[in-house]
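Here the structure comes first, spelled out in structure tokens, and everything after it is commentary.
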There are 2 protein chains.
Amino acid sequence: MGTRQRLIDTASELLAGEGVDAVTLRGIAKAAGVSHGAPLRHFSGRAELLSAVATRGYADLLARRETLPGNSPRERLTAACHSYLDFALANPAMFELMFRRDLVDADDPALSAAASAVFDTFAVLVAAVPTRIARSGADLRLVAASLWAALHGLAQLWLWGGLAGASFAPSPESALAVTLDAYLG
Amino acid sequence: MGTRQRLIDTASELLAGEGVDAVTLRGIAKAAGVSHGAPLRHFSGRAELLSAVATRGYADLLARRETLPGNSPRERLTAACHSYLDFALANPAMFELMFRRDLVDADDPALSAAASAVFDTFAVLVAAVPTRIARSGADLRLVAASLWAALHGLAQLWLWGGLAGASFAPSPESALAVTLDAYLG
DNA sequence: ACCCGATGTAGACAGCGTCTACAGAAGTTT
DNA sequence: AAACTTCTGTAGACGCTGTCTACATCGGGT
């Protein structure tokens with residue numbers, strides 16, 4: 001296995017184990033057993049290495065779409081929504097990295113392709129379900145974007161800690177149920 | 001005006017003008033005309049200073065709720081939703097700071113109070129509107145959280161750049177319209 | 001008049017990303 | 001086979017960051 005791939009693997013493990021702050025070039029290099037300057041032989045800088053990590057994150061997220069349970073399009077869509085939230089809650093650091101513009105090279109073609117693929121497959125799932133909103137004549141891509149944003153905000157706010165507030169303590173699933181009801185009910 | 005307040009003001013201007021990366025203790029100190037160690041006389045560290053800045057951000061966001069146009073509760077709710085999105089798009093750096101756990105002290109009581117106030121007033125607005133979902137018997141606080149998350153995700157994804165993708169270029173307003181239709185339609 | 005806490009300054013330290021100089025290994029060309 | 005070039009890794013340096021400490025200064029209370 002080449003050093004480049006080991007750096008990506010090590011960075012992924014470090015990310016999952018220690019959080020996004022621990023993913024430093026020097027820390028990755030040390031964890032991978034190379035000198036602090038070695039990563040720059042394989043990546044132009046930190047952003048490029050983290051982009052490779054984030055790209056794998058999008059790929060993992062997309063892989064969950066391959067085996068969605070459910071017989072009807074509607075069931076598969078709700079399964080996809082659950083899988084998005086599950087991914088974020090199970091891999092909070094990776095999820096954060098994937099949407100941190102300052103840590104990642106937004107112009108990386110592999111990264112944006114992986115991100116687009118995630119959205120595109122989601123849009124396909126949405127288009128297959130005759131939602132109430134779709135019947136109103138709205139652009140289906142727009143509906144998909146809106147629902148995706150709702151999911152994303154749910155994951156983000158939950159990880160942020162704002163939805164576990166004081167007097168009322170909902171579970172992520174219950175909030176998701178309300179969201180899905182709004183769009184699909 | 002005390003040095004402490006000037007530091008907060010300078011940091012806010014720096015944040016709005018140069019982005020979240022530019023908000024460094026040393027940069028703020030220089031822009032405020034004091035030595036690099038002076039901020040530590042007024043704040044325990046960077047997180048505490050940025051928490052004060054973010055707290056003002058939540059206060060500004062809340063202030064927009066004071067003068068919402070619209071005669072009916074429903075109109076005021078949609079106005080509040082628009083104002084949330086407008087705030088995020090008009091103050092992207094502040095919006096990012098407000099939800100960056102790593103930059104801010106989550107245990108700061110003033111900060112969490114300001115954040116809670118924003119959500120609470122929103123929940124009040126939601127409770128005043130007889131949405132289709134509310135009629136289904138769901139917890140109104142849960143509905144408010146779900147709608148807030150949808151708004152938040154819309155703002156976040158738009159600033160991230162993911163919603164302005166390739167073949168279809170929606171405006172934030174059109175996406176918001178779909179979201180509002182899902183919850184209120 | 002004395003003291004002491006509050007405020008600000010300057011210097012130091014470790015850690016960070018990145019650049020450069022250098023060394024060896026590997027492969028290619030002549 | 002020899003020479004040269006490219007790839008890969010190391011070590012050190014630089015400027016930046018947040019934070020800590022030592023020192024000066026100033027203002028009010030005893």
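Numbering starts fresh at 1 for the residues of each chain in the structure tokens, the chains themselves are lettered A, B, ... in the order given, and ligands are numbered from 1 as they appear.
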Near region 83-98 of chain A, counting only C-alpha atoms (C1' of nucleotides), which residues have an atom at most 9 Å away, once you skip same-chain residues fewer than 6 positions from it, shown as a PyMOL selection string?
chain A and resi 12+15-20+50-51+53-55+57-58+60-61+64-65+68+104+115+151-152+154-156+158-159+172-173+176
Starting from chain A, keep only residues with some atom at most 10 Å from an atom of chain D, counting only C-alpha atoms (C1' of nucleotides), and report them as an MDAnalysis selection string.
chainID A and resid 3 34:39 41:42
Could you write those residues out with N, CA and C atoms, as a PDB file, in the first residue's frame?
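Generated file (result06.pdb):
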ATOM      1  N   THR A   3       2.128   5.162   0.280  1.00  0.00           N
ATOM      2  CA  THR A   3       2.065   6.129   1.383  1.00  0.00           C
ATOM      3  C   THR A   3       0.854   7.034   1.257  1.00  0.00           C
ATOM      4  N   VAL A  34       5.472   8.742   9.326  1.00  0.00           N
ATOM      5  CA  VAL A  34       6.377   9.413   8.386  1.00  0.00           C
ATOM      6  C   VAL A  34       6.732  10.792   8.948  1.00  0.00           C
ATOM      7  N   SER A  35       7.646  11.446   8.308  1.00  0.00           N
ATOM      8  CA  SER A  35       8.065  12.755   8.799  1.00  0.00           C
ATOM      9  C   SER A  35       6.994  13.797   8.491  1.00  0.00           C
ATOM     10  N   HIS A  36       7.100  14.926   9.159  1.00  0.00           N
ATOM     11  CA  HIS A  36       6.025  15.910   9.056  1.00  0.00           C
ATOM     12  C   HIS A  36       5.910  16.514   7.671  1.00  0.00           C
ATOM     13  N   GLY A  37       6.932  16.396   6.882  1.00  0.00           N
ATOM     14  CA  GLY A  37       6.888  16.986   5.550  1.00  0.00           C
ATOM     15  C   GLY A  37       6.459  16.016   4.461  1.00  0.00           C
ATOM     16  N   ALA A  38       6.417  14.733   4.825  1.00  0.00           N
ATOM     17  CA  ALA A  38       6.122  13.710   3.817  1.00  0.00           C
ATOM     18  C   ALA A  38       4.773  13.897   3.117  1.00  0.00           C
ATOM     19  N   PRO A  39       3.714  14.253   3.849  1.00  0.00           N
ATOM     20  CA  PRO A  39       2.417  14.397   3.173  1.00  0.00           C
ATOM     21  C   PRO A  39       2.446  15.374   2.002  1.00  0.00           C
ATOM     22  N   ARG A  41       4.504  15.556  -0.219  1.00  0.00           N
ATOM     23  CA  ARG A  41       4.965  14.891  -1.439  1.00  0.00           C
ATOM     24  C   ARG A  41       3.795  14.264  -2.191  1.00  0.00           C
ATOM     25  N   HIS A  42       2.666  14.118  -1.507  1.00  0.00           N
ATOM     26  CA  HIS A  42       1.523  13.436  -2.120  1.00  0.00           C
ATOM     27  C   HIS A  42       0.301  14.340  -2.242  1.00  0.00           C
TER      28      HIS A  42
END
Can you work out which residues from chain A touch chain B at a cut-off of 6 Å (counting only C-alpha atoms) and hand them back as a compact mmCIF listing (two decimals) with N, CA and C atoms, in the first residue's frame?
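The file below, iface_23.txt, is the result:
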# COMPACT_ATOMS: atom_id res chain seq x y z
N SER A 146 -34.96 20.94 -1.37
CA SER A 146 -35.60 21.40 -0.14
C SER A 146 -35.63 20.30 0.91
N ALA A 149 -32.19 19.69 2.23
CA ALA A 149 -31.82 20.74 3.18
C ALA A 149 -32.47 20.49 4.54
N ALA A 150 -33.71 20.04 4.52
CA ALA A 150 -34.39 19.76 5.78
C ALA A 150 -33.69 18.66 6.56
N HIS A 152 -30.56 17.81 6.17
CA HIS A 152 -29.24 18.31 6.52
C HIS A 152 -29.31 19.20 7.77
N GLY A 153 -30.29 20.07 7.79
CA GLY A 153 -30.45 20.94 8.95
C GLY A 153 -30.73 20.15 10.21
N LEU A 154 -31.51 19.10 10.06
CA LEU A 154 -31.81 18.24 11.21
C LEU A 154 -30.51 17.63 11.76
N ALA A 175 -37.98 13.90 15.32
CA ALA A 175 -37.93 15.11 14.51
C ALA A 175 -37.95 14.76 13.02
N THR A 179 -40.55 15.85 9.92
CA THR A 179 -40.07 16.39 8.65
C THR A 179 -40.60 15.57 7.48
N ALA A 182 -44.15 16.22 6.82
CA ALA A 182 -44.40 17.49 6.13
C ALA A 182 -44.25 17.33 4.62
N TYR A 183 -43.25 16.59 4.20
CA TYR A 183 -42.97 16.48 2.78
C TYR A 183 -43.78 15.37 2.10
